[in-house]
Amino acid sequence: TSVLKEDEISVSSTSGSIPISMDSIINLNHGDPTMYEKFWRQTGNAAELVIPGSQTMSYFSDVTNLCWFLEPEFAAEIRRLHRLVGNAIAGPDRYIIVGTGSSQLFQAALFALSTSPEVFSHGGGGRPLPVVSSVPYYSSYPAATDLLQSGLFHWAGDASSLKEDDEPYIEVVCSPSNPDGLLKTASVSSNSGKVIHDLAYYWPQYTAITTPADHDLMLFTASKCTGHAGMRLGWAIVKNRDVAKRMTKFIEVSTIGVSKDSQLRAAKILKTVSDQYELEEAEDFTKLFHVARNTMRDRWQTLRLVIAASNAFSLPVFQPEYCNFMKENTLPFPAFAWLKCERDIDDCESFLRQKHKILTRSGEHFGADAKHVRISMLDRVETFDMFIERLLSIDL
Ligand code: PMP
């Protein structure tokens, strides 16, 4: 098989489109949730929205709200959806902050926590606060933390690298975890730290909903809940008023709020999801979490069969848990496969790319080793099927 060159990757990979031929490059490097297009096509015009030219013109959404650029309709649908799914406490006593993706909210959270006198009363001592996460951590955390070389915080890597002293720090907990799908809890048990809980994947299509999450600062995103990554909308649920205020300040200064058009569209999309569960006559194929979970389960079953037959790779092993939303025991079906190469191939990413035209993300980006790769399970059916075909053809 020929070796892939960089320019070939950019012109012929499947990212954003379906593979055009049997030897197309299969791009599973990003978590692009195009799998969900099929579901939304089936819903017809239920989630369609028309915005007249005269609407959404003002910067302001609700000047009586602490987060003044948050559309009230969107906030109401967020609270309604969390109540329906039971995955987070999002009652009226919690602040909701909207962001351009949860990516912007991650930055807003770092800013808010590292500058808040209420949170770190003894301050950071003028030194940048360490930001840690347990390995393997989401590859964007280090990049986003260190992008501006801030004097407020800096990336300090694996949570275990932190010394158990009284220095303040921030820990990011992603649960279920990107990349490996496991459930995580804060690993540093000291009073001097603050935790950002990234719950992007705490939805019933990926994992059992065992309890409503009730952390100080939780991040969610439409990207992984409904699949609308291009809408660029995320939300934070925050307990502390001062932290919520500073996060709002960060977004005010960086982008003067968040697209109202996107928020109205998101409100409509979340409303459609909740309506389908609350309407008596709704058909099963209109229930987002059930449809997406079935797809994820089928994909994981297929992948596990292929991997088990090959002996060359392994996948994480999960335990079933009772899901309060689905009302049954379920295994996790993560958005990513954290694949480990069990043979004497040290660089799994290069092996899959160069020999098999499959683009994945190396474990090294997640603080782990190059024997691991992260593979998106959320692509379109054509891409996923071709990926499985290609895996079957690997002869080790
Ligand atoms: N957190 C995690 C764990 C993610 O996987 C992603 C998307 N890959 C994000 C945050 C960012 O999501 P958004 O599209 O909302 O910026």
# chains A, B, ... in the order shown; residues from 1 in each chain; ligands from 1

$ select_by_dssp --residues "region 65-174 of chain A" --states "helix (DSSP H, G or I)" --output "PyMOL selection string"
chain A and resi 72-85+101-115+140-146+159-161

$ write_last_selection --atoms "C-alpha atoms" --output "PDB file, in the first residue's frame"
ATOM      1  CA  PRO A  72     -34.704  33.118  27.678  1.00  0.00           C
ATOM      2  CA  GLU A  73     -36.267  30.527  25.342  1.00  0.00           C
ATOM      3  CA  PHE A  74     -32.982  28.698  25.083  1.00  0.00           C
ATOM      4  CA  ALA A  75     -32.435  28.755  28.851  1.00  0.00           C
ATOM      5  CA  ALA A  76     -35.926  27.356  29.394  1.00  0.00           C
ATOM      6  CA  GLU A  77     -35.327  24.500  26.941  1.00  0.00           C
ATOM      7  CA  ILE A  78     -31.967  23.663  28.560  1.00  0.00           C
ATOM      8  CA  ARG A  79     -33.630  23.365  31.968  1.00  0.00           C
ATOM      9  CA  ARG A  80     -36.485  21.350  30.493  1.00  0.00           C
ATOM     10  CA  LEU A  81     -34.154  18.895  28.743  1.00  0.00           C
ATOM     11  CA  HIS A  82     -32.035  18.285  31.854  1.00  0.00           C
ATOM     12  CA  ARG A  83     -35.218  17.704  33.849  1.00  0.00           C
ATOM     13  CA  LEU A  84     -36.449  15.226  31.237  1.00  0.00           C
ATOM     14  CA  VAL A  85     -33.168  13.296  30.965  1.00  0.00           C
ATOM     15  CA  GLY A 101     -19.424  25.969  21.891  1.00  0.00           C
ATOM     16  CA  SER A 102     -18.407  24.612  25.251  1.00  0.00           C
ATOM     17  CA  SER A 103     -14.884  25.421  24.019  1.00  0.00           C
ATOM     18  CA  GLN A 104     -15.476  29.098  24.737  1.00  0.00           C
ATOM     19  CA  LEU A 105     -16.985  28.231  28.101  1.00  0.00           C
ATOM     20  CA  PHE A 106     -13.897  26.226  29.031  1.00  0.00           C
ATOM     21  CA  GLN A 107     -11.804  29.347  28.528  1.00  0.00           C
ATOM     22  CA  ALA A 108     -14.392  31.446  30.365  1.00  0.00           C
ATOM     23  CA  ALA A 109     -14.282  28.985  33.269  1.00  0.00           C
ATOM     24  CA  LEU A 110     -10.476  29.109  33.484  1.00  0.00           C
ATOM     25  CA  PHE A 111     -10.646  32.897  33.538  1.00  0.00           C
ATOM     26  CA  ALA A 112     -13.451  33.000  36.116  1.00  0.00           C
ATOM     27  CA  LEU A 113     -11.908  30.489  38.498  1.00  0.00           C
ATOM     28  CA  SER A 114      -8.416  31.925  38.321  1.00  0.00           C
ATOM     29  CA  THR A 115      -9.515  35.504  39.000  1.00  0.00           C
ATOM     30  CA  SER A 140      -7.898  20.356  23.466  1.00  0.00           C
ATOM     31  CA  TYR A 141      -7.403  21.101  27.165  1.00  0.00           C
ATOM     32  CA  PRO A 142      -3.637  21.724  26.977  1.00  0.00           C
ATOM     33  CA  ALA A 143      -3.948  23.681  23.722  1.00  0.00           C
ATOM     34  CA  ALA A 144      -6.805  25.878  24.966  1.00  0.00           C
ATOM     35  CA  THR A 145      -5.179  26.472  28.348  1.00  0.00           C
ATOM     36  CA  ASP A 146      -1.832  27.569  26.961  1.00  0.00           C
ATOM     37  CA  ALA A 159      -3.606  15.327  37.685  1.00  0.00           C
ATOM     38  CA  SER A 160      -1.233  12.958  39.488  1.00  0.00           C
ATOM     39  CA  SER A 161       1.633  15.369  38.841  1.00  0.00           C
TER      40      SER A 161
END

$ closest_atom_pairs --of "chain A" --to "ligand 1" --cutoff "9 Å" --atoms "only C-alpha atoms and all ligand atoms" --output "Markdown table"
| residue | atom | partner | partner_atom_place_in_ligand_line | distance |
| --- | --- | --- | --- | --- |
| A:His30 | CA | ligand 1 | 8 (N) | 7.2 |
| A:Gly31 | CA | ligand 1 | 8 (N) | 5.4 |
| A:Asp32 | CA | ligand 1 | 8 (N) | 7.6 |
| A:Gly99 | CA | ligand 1 | 15 (O) | 8.1 |
| A:Thr100 | CA | ligand 1 | 16 (O) | 6.8 |
| A:Gly101 | CA | ligand 1 | 15 (O) | 3.3 |
| A:Ser102 | CA | ligand 1 | 15 (O) | 3.7 |
| A:Ser103 | CA | ligand 1 | 16 (O) | 3.8 |
| A:Gln104 | CA | ligand 1 | 16 (O) | 6.6 |
| A:Leu105 | CA | ligand 1 | 16 (O) | 8.2 |
| A:Phe106 | CA | ligand 1 | 10 (C) | 7.8 |
| A:Tyr137 | CA | ligand 1 | 3 (C) | 8.6 |
| A:Tyr138 | CA | ligand 1 | 3 (C) | 5.8 |
| A:Ser139 | CA | ligand 1 | 5 (O) | 8.7 |
| A:Ser140 | CA | ligand 1 | 10 (C) | 7.9 |
| A:Tyr141 | CA | ligand 1 | 1 (N) | 8.4 |
| A:Cys174 | CA | ligand 1 | 3 (C) | 5.8 |
| A:Ser175 | CA | ligand 1 | 3 (C) | 7.9 |
| A:Pro176 | CA | ligand 1 | 3 (C) | 8.3 |
| A:Ser177 | CA | ligand 1 | 3 (C) | 6.8 |
| A:Asn178 | CA | ligand 1 | 3 (C) | 5.1 |
| A:Pro179 | CA | ligand 1 | 5 (O) | 7.8 |
| A:Asp198 | CA | ligand 1 | 1 (N) | 5.9 |
| A:Leu199 | CA | ligand 1 | 3 (C) | 7.1 |
| A:Ala200 | CA | ligand 1 | 2 (C) | 5.5 |
| A:Tyr201 | CA | ligand 1 | 3 (C) | 7.1 |
| A:Leu219 | CA | ligand 1 | 1 (N) | 7.8 |
| A:Phe220 | CA | ligand 1 | 15 (O) | 7.1 |
| A:Thr221 | CA | ligand 1 | 15 (O) | 4.4 |
| A:Ala222 | CA | ligand 1 | 15 (O) | 6.3 |
| A:Ser223 | CA | ligand 1 | 14 (O) | 4.9 |
| A:Lys224 | CA | ligand 1 | 7 (C) | 7.2 |
| A:His228 | CA | ligand 1 | 14 (O) | 8.4 |
| A:Ala229 | CA | ligand 1 | 14 (O) | 5.2 |
| A:Gly230 | CA | ligand 1 | 14 (O) | 7.6 |
| A:Met231 | CA | ligand 1 | 14 (O) | 8.4 |
| A:Arg232 | CA | ligand 1 | 14 (O) | 5.8 |
| A:Leu233 | CA | ligand 1 | 15 (O) | 5.7 |
| A:Gly234 | CA | ligand 1 | 15 (O) | 4.9 |
| A:Trp235 | CA | ligand 1 | 15 (O) | 8.3 |
| A:Ala335 | CA | ligand 1 | 5 (O) | 8.6 |

$ write_last_selection --atoms "C-alpha atoms" --output "short mmCIF file (atom, residue, chain, number, x, y, z; two decimals), in the first residue's frame"
data_model
loop_
_atom_site.label_atom_id
_atom_site.label_comp_id
_atom_site.auth_asym_id
_atom_site.auth_seq_id
_atom_site.Cartn_x
_atom_site.Cartn_y
_atom_site.Cartn_z
CA HIS A 30 -12.26 14.62 14.75
CA GLY A 31 -15.40 13.96 16.72
CA ASP A 32 -17.54 15.40 13.93
CA GLY A 99 -21.03 30.05 25.01
CA THR A 100 -19.83 29.69 21.43
CA GLY A 101 -19.42 25.97 21.89
CA SER A 102 -18.41 24.61 25.25
CA SER A 103 -14.88 25.42 24.02
CA GLN A 104 -15.48 29.10 24.74
CA LEU A 105 -16.99 28.23 28.10
CA PHE A 106 -13.90 26.23 29.03
CA TYR A 137 -7.33 13.83 28.92
CA TYR A 138 -9.16 15.57 26.04
CA SER A 139 -6.48 16.83 23.66
CA SER A 140 -7.90 20.36 23.47
CA TYR A 141 -7.40 21.10 27.16
CA CYS A 174 -14.35 14.95 31.58
CA SER A 175 -16.92 12.24 32.29
CA PRO A 176 -17.67 10.09 30.37
CA SER A 177 -14.15 10.70 29.24
CA ASN A 178 -12.98 11.83 25.83
CA PRO A 179 -11.00 9.80 24.68
CA ASP A 198 -16.97 18.70 31.25
CA LEU A 199 -20.12 16.60 30.78
CA ALA A 200 -20.28 16.80 26.98
CA TYR A 201 -20.98 13.04 26.79
CA LEU A 219 -20.18 22.20 30.82
CA PHE A 220 -22.51 20.80 28.17
CA THR A 221 -22.62 21.19 24.40
CA ALA A 222 -25.18 20.82 21.63
CA SER A 223 -22.38 19.30 19.52
CA LYS A 224 -22.54 15.94 21.27
CA HIS A 228 -25.34 20.25 15.98
CA ALA A 229 -21.62 20.99 16.24
CA GLY A 230 -21.82 23.64 13.52
CA MET A 231 -24.33 25.65 15.54
CA ARG A 232 -21.44 26.28 17.97
CA LEU A 233 -23.47 26.34 21.16
CA GLY A 234 -22.65 25.15 24.60
CA TRP A 235 -23.90 25.98 28.07
CA ALA A 335 -18.44 8.63 21.09
#

$ residues_around --residues "Arg94 (chain A)" --least-positions-apart "2" --cutoff "9 Å" --atoms "only C-alpha atoms" --output "PyMOL selection string"
chain A and resi 89-92+96+237-241

$ write_last_selection --atoms "N, CA and C atoms" --output "short mmCIF file (atom, residue, chain, number, x, y, z; two decimals), in the first residue's frame"
data_model
loop_
_atom_site.label_atom_id
_atom_site.label_comp_id
_atom_site.auth_asym_id
_atom_site.auth_seq_id
_atom_site.Cartn_x
_atom_site.Cartn_y
_atom_site.Cartn_z
N ILE A 89 -28.67 18.71 37.52
CA ILE A 89 -29.54 19.63 38.24
C ILE A 89 -29.38 21.01 37.59
N ALA A 90 -30.47 21.52 37.05
CA ALA A 90 -30.38 22.80 36.35
C ALA A 90 -31.59 23.67 36.70
N GLY A 91 -31.95 23.67 37.96
CA GLY A 91 -33.12 24.41 38.42
C GLY A 91 -32.88 25.91 38.40
N PRO A 92 -33.90 26.69 38.82
CA PRO A 92 -33.83 28.15 38.76
C PRO A 92 -32.74 28.74 39.66
N ILE A 96 -27.17 29.76 34.26
CA ILE A 96 -26.83 29.18 32.96
C ILE A 96 -26.10 30.25 32.16
N ILE A 237 -23.54 25.26 33.58
CA ILE A 237 -24.45 25.34 34.72
C ILE A 237 -23.56 25.60 35.94
N VAL A 238 -23.82 26.74 36.58
CA VAL A 238 -22.88 27.23 37.59
C VAL A 238 -23.62 27.54 38.89
N LYS A 239 -23.03 27.14 40.01
CA LYS A 239 -23.67 27.41 41.31
C LYS A 239 -23.30 28.78 41.87
N ASN A 240 -22.03 29.13 41.75
CA ASN A 240 -21.52 30.33 42.40
C ASN A 240 -21.77 31.58 41.54
N ARG A 241 -22.42 32.58 42.13
CA ARG A 241 -22.79 33.78 41.39
C ARG A 241 -21.57 34.53 40.85
#

$ residues_around --residues "region 377-379 of chain A" --least-positions-apart "6" --cutoff "6 Å" --atoms "only C-alpha atoms" --output "PyMOL selection string"
chain A and resi 33-35+335-336

$ residues_around --residues "region 299-301 of chain A" --least-positions-apart "4" --cutoff "8 Å" --atoms "only C-alpha atoms" --output "list in words"
Thr295, Leu305, Phe333 and Met377 of chain A

$ residues_around --residues "Pro316 (chain A)" --least-positions-apart "6" --cutoff "9 Å" --atoms "only C-alpha atoms" --output "short mmCIF file (atom, residue, chain, number, x, y, z; two decimals) with N, CA and C atoms, in the first residue's frame"
data_model
loop_
_atom_site.label_atom_id
_atom_site.label_comp_id
_atom_site.auth_asym_id
_atom_site.auth_seq_id
_atom_site.Cartn_x
_atom_site.Cartn_y
_atom_site.Cartn_z
N ASP A 180 -11.44 7.95 26.33
CA ASP A 180 -11.61 6.51 26.54
C ASP A 180 -13.01 6.07 26.98
N GLY A 181 -13.93 7.01 27.18
CA GLY A 181 -15.32 6.63 27.49
C GLY A 181 -15.57 6.23 28.93
N LEU A 182 -14.53 6.19 29.76
CA LEU A 182 -14.73 5.78 31.16
C LEU A 182 -15.30 6.93 31.98
N ALA A 337 -13.72 5.43 20.05
CA ALA A 337 -13.10 4.15 20.40
C ALA A 337 -11.63 4.45 20.73
N TRP A 338 -11.21 4.03 21.89
CA TRP A 338 -9.83 4.23 22.35
C TRP A 338 -9.11 2.91 22.09
N LEU A 339 -8.54 2.85 20.91
CA LEU A 339 -8.01 1.59 20.39
C LEU A 339 -6.54 1.44 20.75
N LYS A 340 -6.18 0.26 21.21
CA LYS A 340 -4.77 0.01 21.53
C LYS A 340 -4.22 -1.07 20.61
#

$ residues_around --residues "Lys357 (chain A)" --least-positions-apart "6" --cutoff "8 Å" --atoms "only C-alpha atoms" --output "MDAnalysis selection string"
chainID A and resid 4 23:26

$ atom_distance --atom1 "CA of Ser376 (chain A)" --atom2 "CA of Asn27 (chain A)"
8.7 Å

$ atom_distance --atom1 "CA of Gly86 (chain A)" --atom2 "CA of Cys225 (chain A)"
13.8 Å

$ closest_atom_pairs --of "region 41-77 of chain A" --to "region 263-279 of chain A" --cutoff "12 Å" --atoms "only C-alpha atoms" --output "tab-separated table"
residue	atom	partner	partner_atom	distance
A:Thr43	CA	A:Thr272	CA	9.0
A:Gly44	CA	A:Thr272	CA	11.1
A:Asn45	CA	A:Thr272	CA	10.2
A:Ala46	CA	A:Thr272	CA	6.6
A:Ala47	CA	A:Ile269	CA	5.3
A:Glu48	CA	A:Lys268	CA	7.6
A:Leu49	CA	A:Arg265	CA	6.4
A:Val50	CA	A:Arg265	CA	9.1
A:Ile51	CA	A:Leu264	CA	8.9
A:Gln55	CA	A:Leu264	CA	10.6
A:Thr56	CA	A:Leu264	CA	9.0
A:Ser61	CA	A:Gln263	CA	10.2
A:Phe69	CA	A:Gln263	CA	9.8
A:Leu70	CA	A:Gln263	CA	7.9
A:Glu71	CA	A:Gln263	CA	6.5
A:Pro72	CA	A:Ala267	CA	9.2
A:Glu73	CA	A:Ala267	CA	6.1
A:Phe74	CA	A:Ala267	CA	4.4
A:Ala75	CA	A:Ala267	CA	7.8
A:Ala76	CA	A:Ala267	CA	8.1
A:Glu77	CA	A:Ala267	CA	5.9

$ write_last_selection --atoms "N, CA and C atoms" --output "PDB file, in the first residue's frame"
ATOM      1  N   THR A  43     -36.867  13.855  10.955  1.00  0.00           N
ATOM      2  CA  THR A  43     -37.838  14.652  11.709  1.00  0.00           C
ATOM      3  C   THR A  43     -38.539  15.680  10.815  1.00  0.00           C
ATOM      4  N   GLY A  44     -38.211  15.687   9.531  1.00  0.00           N
ATOM      5  CA  GLY A  44     -38.868  16.606   8.605  1.00  0.00           C
ATOM      6  C   GLY A  44     -38.628  18.048   8.994  1.00  0.00           C
ATOM      7  N   ASN A  45     -39.715  18.830   9.081  1.00  0.00           N
ATOM      8  CA  ASN A  45     -39.526  20.250   9.380  1.00  0.00           C
ATOM      9  C   ASN A  45     -39.765  20.582  10.858  1.00  0.00           C
ATOM     10  N   ALA A  46     -39.830  19.560  11.702  1.00  0.00           N
ATOM     11  CA  ALA A  46     -40.136  19.794  13.128  1.00  0.00           C
ATOM     12  C   ALA A  46     -39.161  20.772  13.778  1.00  0.00           C
ATOM     13  N   ALA A  47     -37.909  20.745  13.353  1.00  0.00           N
ATOM     14  CA  ALA A  47     -36.907  21.601  14.000  1.00  0.00           C
ATOM     15  C   ALA A  47     -36.521  22.787  13.121  1.00  0.00           C
ATOM     16  N   GLU A  48     -37.344  23.041  12.106  1.00  0.00           N
ATOM     17  CA  GLU A  48     -37.043  24.145  11.193  1.00  0.00           C
ATOM     18  C   GLU A  48     -37.362  25.489  11.846  1.00  0.00           C
ATOM     19  N   LEU A  49     -36.622  26.515  11.473  1.00  0.00           N
ATOM     20  CA  LEU A  49     -36.838  27.822  12.091  1.00  0.00           C
ATOM     21  C   LEU A  49     -36.641  28.907  11.037  1.00  0.00           C
ATOM     22  N   VAL A  50     -37.595  29.842  10.967  1.00  0.00           N
ATOM     23  CA  VAL A  50     -37.460  30.976  10.041  1.00  0.00           C
ATOM     24  C   VAL A  50     -37.244  32.227  10.887  1.00  0.00           C
ATOM     25  N   ILE A  51     -36.217  32.985  10.565  1.00  0.00           N
ATOM     26  CA  ILE A  51     -35.947  34.210  11.324  1.00  0.00           C
ATOM     27  C   ILE A  51     -36.103  35.412  10.386  1.00  0.00           C
ATOM     28  N   GLN A  55     -35.492  40.435  12.991  1.00  0.00           N
ATOM     29  CA  GLN A  55     -35.313  39.830  14.323  1.00  0.00           C
ATOM     30  C   GLN A  55     -33.855  39.624  14.700  1.00  0.00           C
ATOM     31  N   THR A  56     -33.618  39.383  15.953  1.00  0.00           N
ATOM     32  CA  THR A  56     -32.296  39.098  16.543  1.00  0.00           C
ATOM     33  C   THR A  56     -31.268  40.175  16.197  1.00  0.00           C
ATOM     34  N   SER A  61     -30.306  40.163  25.090  1.00  0.00           N
ATOM     35  CA  SER A  61     -31.377  39.164  25.130  1.00  0.00           C
ATOM     36  C   SER A  61     -32.273  39.354  26.335  1.00  0.00           C
ATOM     37  N   PHE A  69     -26.853  38.048  27.613  1.00  0.00           N
ATOM     38  CA  PHE A  69     -26.945  37.656  26.195  1.00  0.00           C
ATOM     39  C   PHE A  69     -27.552  36.261  26.022  1.00  0.00           C
ATOM     40  N   LEU A  70     -28.091  35.700  27.110  1.00  0.00           N
ATOM     41  CA  LEU A  70     -28.716  34.380  27.032  1.00  0.00           C
ATOM     42  C   LEU A  70     -30.191  34.528  26.645  1.00  0.00           C
ATOM     43  N   GLU A  71     -30.595  33.896  25.549  1.00  0.00           N
ATOM     44  CA  GLU A  71     -31.989  33.944  25.107  1.00  0.00           C
ATOM     45  C   GLU A  71     -32.852  33.160  26.102  1.00  0.00           C
ATOM     46  N   PRO A  72     -33.881  33.804  26.671  1.00  0.00           N
ATOM     47  CA  PRO A  72     -34.704  33.118  27.678  1.00  0.00           C
ATOM     48  C   PRO A  72     -35.309  31.799  27.181  1.00  0.00           C
ATOM     49  N   GLU A  73     -35.696  31.769  25.896  1.00  0.00           N
ATOM     50  CA  GLU A  73     -36.267  30.527  25.342  1.00  0.00           C
ATOM     51  C   GLU A  73     -35.270  29.384  25.380  1.00  0.00           C
ATOM     52  N   PHE A  74     -34.030  29.719  25.088  1.00  0.00           N
ATOM     53  CA  PHE A  74     -32.982  28.698  25.083  1.00  0.00           C
ATOM     54  C   PHE A  74     -32.739  28.197  26.508  1.00  0.00           C
ATOM     55  N   ALA A  75     -32.653  29.134  27.446  1.00  0.00           N
ATOM     56  CA  ALA A  75     -32.435  28.755  28.851  1.00  0.00           C
ATOM     57  C   ALA A  75     -33.559  27.829  29.330  1.00  0.00           C
ATOM     58  N   ALA A  76     -34.782  28.169  28.952  1.00  0.00           N
ATOM     59  CA  ALA A  76     -35.926  27.356  29.394  1.00  0.00           C
ATOM     60  C   ALA A  76     -35.838  25.939  28.820  1.00  0.00           C
ATOM     61  N   GLU A  77     -35.421  25.832  27.558  1.00  0.00           N
ATOM     62  CA  GLU A  77     -35.327  24.500  26.941  1.00  0.00           C
ATOM     63  C   GLU A  77     -34.157  23.694  27.516  1.00  0.00           C
TER      64      GLU A  77
END

$ atom_distance --atom1 "CA of Asp261 (chain A)" --atom2 "CA of Val98 (chain A)"
12.9 Å

$ closest_residue --among "A:Ile358, A:Met218, A:Ile388, A:Val381" --to "Phe39 (chain A)" --atoms "only C-alpha atoms"
A:Val381

$ select_by_dssp --residues "region 34-162 of chain A" --states "strand (DSSP E)" --output "PDB file with C-alpha atoms, in the first residue's frame"
ATOM      1  CA  TYR A  95     -26.875  30.092  36.633  1.00  0.00           C
ATOM      2  CA  ILE A  96     -26.833  29.182  32.958  1.00  0.00           C
ATOM      3  CA  ILE A  97     -24.152  30.763  30.789  1.00  0.00           C
ATOM      4  CA  VAL A  98     -24.240  30.299  27.041  1.00  0.00           C
ATOM      5  CA  GLY A  99     -21.035  30.046  25.008  1.00  0.00           C
ATOM      6  CA  THR A 100     -19.830  29.692  21.435  1.00  0.00           C
ATOM      7  CA  LEU A 129      -2.538  28.415  38.556  1.00  0.00           C
ATOM      8  CA  PRO A 130      -1.799  24.860  37.439  1.00  0.00           C
ATOM      9  CA  VAL A 131      -4.571  23.303  35.321  1.00  0.00           C
ATOM     10  CA  VAL A 132      -4.580  19.498  35.447  1.00  0.00           C
ATOM     11  CA  SER A 133      -6.644  16.551  34.213  1.00  0.00           C
ATOM     12  CA  PHE A 153      -3.134  29.754  34.618  1.00  0.00           C
ATOM     13  CA  HIS A 154      -1.008  27.219  32.781  1.00  0.00           C
ATOM     14  CA  TRP A 155      -1.323  23.613  31.684  1.00  0.00           C
ATOM     15  CA  ALA A 156       0.345  21.270  34.187  1.00  0.00           C
ATOM     16  CA  GLY A 157      -0.611  17.906  32.648  1.00  0.00           C
ATOM     17  CA  ASP A 158      -1.696  14.756  34.456  1.00  0.00           C
TER      18      ASP A 158
END

$ closest_residue --among "A:Leu288, A:Val258, A:Leu392, A:Cys323" --to "Asn311 (chain A)" --atoms "only C-alpha atoms"
A:Leu392

$ decode --residues "region 337-350 of chain A" --atoms "N, CA and C atoms" --output "PDB file, in the first residue's frame"
ATOM      1  N   ALA A 337     -13.721   5.428  20.053  1.00  0.00           N
ATOM      2  CA  ALA A 337     -13.097   4.154  20.402  1.00  0.00           C
ATOM      3  C   ALA A 337     -11.631   4.450  20.730  1.00  0.00           C
ATOM      4  N   TRP A 338     -11.212   4.026  21.888  1.00  0.00           N
ATOM      5  CA  TRP A 338      -9.826   4.232  22.352  1.00  0.00           C
ATOM      6  C   TRP A 338      -9.114   2.909  22.088  1.00  0.00           C
ATOM      7  N   LEU A 339      -8.541   2.848  20.908  1.00  0.00           N
ATOM      8  CA  LEU A 339      -8.012   1.592  20.393  1.00  0.00           C
ATOM      9  C   LEU A 339      -6.539   1.442  20.746  1.00  0.00           C
ATOM     10  N   LYS A 340      -6.179   0.255  21.208  1.00  0.00           N
ATOM     11  CA  LYS A 340      -4.765   0.009  21.533  1.00  0.00           C
ATOM     12  C   LYS A 340      -4.219  -1.068  20.607  1.00  0.00           C
ATOM     13  N   CYS A 341      -3.052  -0.793  20.082  1.00  0.00           N
ATOM     14  CA  CYS A 341      -2.396  -1.748  19.212  1.00  0.00           C
ATOM     15  C   CYS A 341      -1.627  -2.739  20.083  1.00  0.00           C
ATOM     16  N   GLU A 342      -1.974  -4.013  20.000  1.00  0.00           N
ATOM     17  CA  GLU A 342      -1.365  -5.008  20.875  1.00  0.00           C
ATOM     18  C   GLU A 342      -0.121  -5.661  20.251  1.00  0.00           C
ATOM     19  N   ARG A 343       0.161  -5.355  18.993  1.00  0.00           N
ATOM     20  CA  ARG A 343       1.330  -5.968  18.349  1.00  0.00           C
ATOM     21  C   ARG A 343       2.539  -5.037  18.457  1.00  0.00           C
ATOM     22  N   ASP A 344       3.630  -5.400  17.796  1.00  0.00           N
ATOM     23  CA  ASP A 344       4.853  -4.592  17.948  1.00  0.00           C
ATOM     24  C   ASP A 344       4.858  -3.352  17.041  1.00  0.00           C
ATOM     25  N   ILE A 345       3.695  -2.765  16.909  1.00  0.00           N
ATOM     26  CA  ILE A 345       3.599  -1.484  16.192  1.00  0.00           C
ATOM     27  C   ILE A 345       3.570  -0.402  17.253  1.00  0.00           C
ATOM     28  N   ASP A 346       4.594   0.439  17.277  1.00  0.00           N
ATOM     29  CA  ASP A 346       4.670   1.425  18.355  1.00  0.00           C
ATOM     30  C   ASP A 346       3.858   2.669  18.066  1.00  0.00           C
ATOM     31  N   ASP A 347       3.681   2.945  16.773  1.00  0.00           N
ATOM     32  CA  ASP A 347       2.963   4.161  16.412  1.00  0.00           C
ATOM     33  C   ASP A 347       1.695   3.771  15.642  1.00  0.00           C
ATOM     34  N   CYS A 348       0.635   3.603  16.386  1.00  0.00           N
ATOM     35  CA  CYS A 348      -0.616   3.091  15.810  1.00  0.00           C
ATOM     36  C   CYS A 348      -1.223   4.096  14.823  1.00  0.00           C
ATOM     37  N   GLU A 349      -1.098   5.393  15.144  1.00  0.00           N
ATOM     38  CA  GLU A 349      -1.661   6.433  14.272  1.00  0.00           C
ATOM     39  C   GLU A 349      -1.005   6.382  12.891  1.00  0.00           C
ATOM     40  N   SER A 350       0.328   6.314  12.841  1.00  0.00           N
ATOM     41  CA  SER A 350       1.033   6.260  11.547  1.00  0.00           C
ATOM     42  C   SER A 350       0.699   4.978  10.792  1.00  0.00           C
TER      43      SER A 350
END
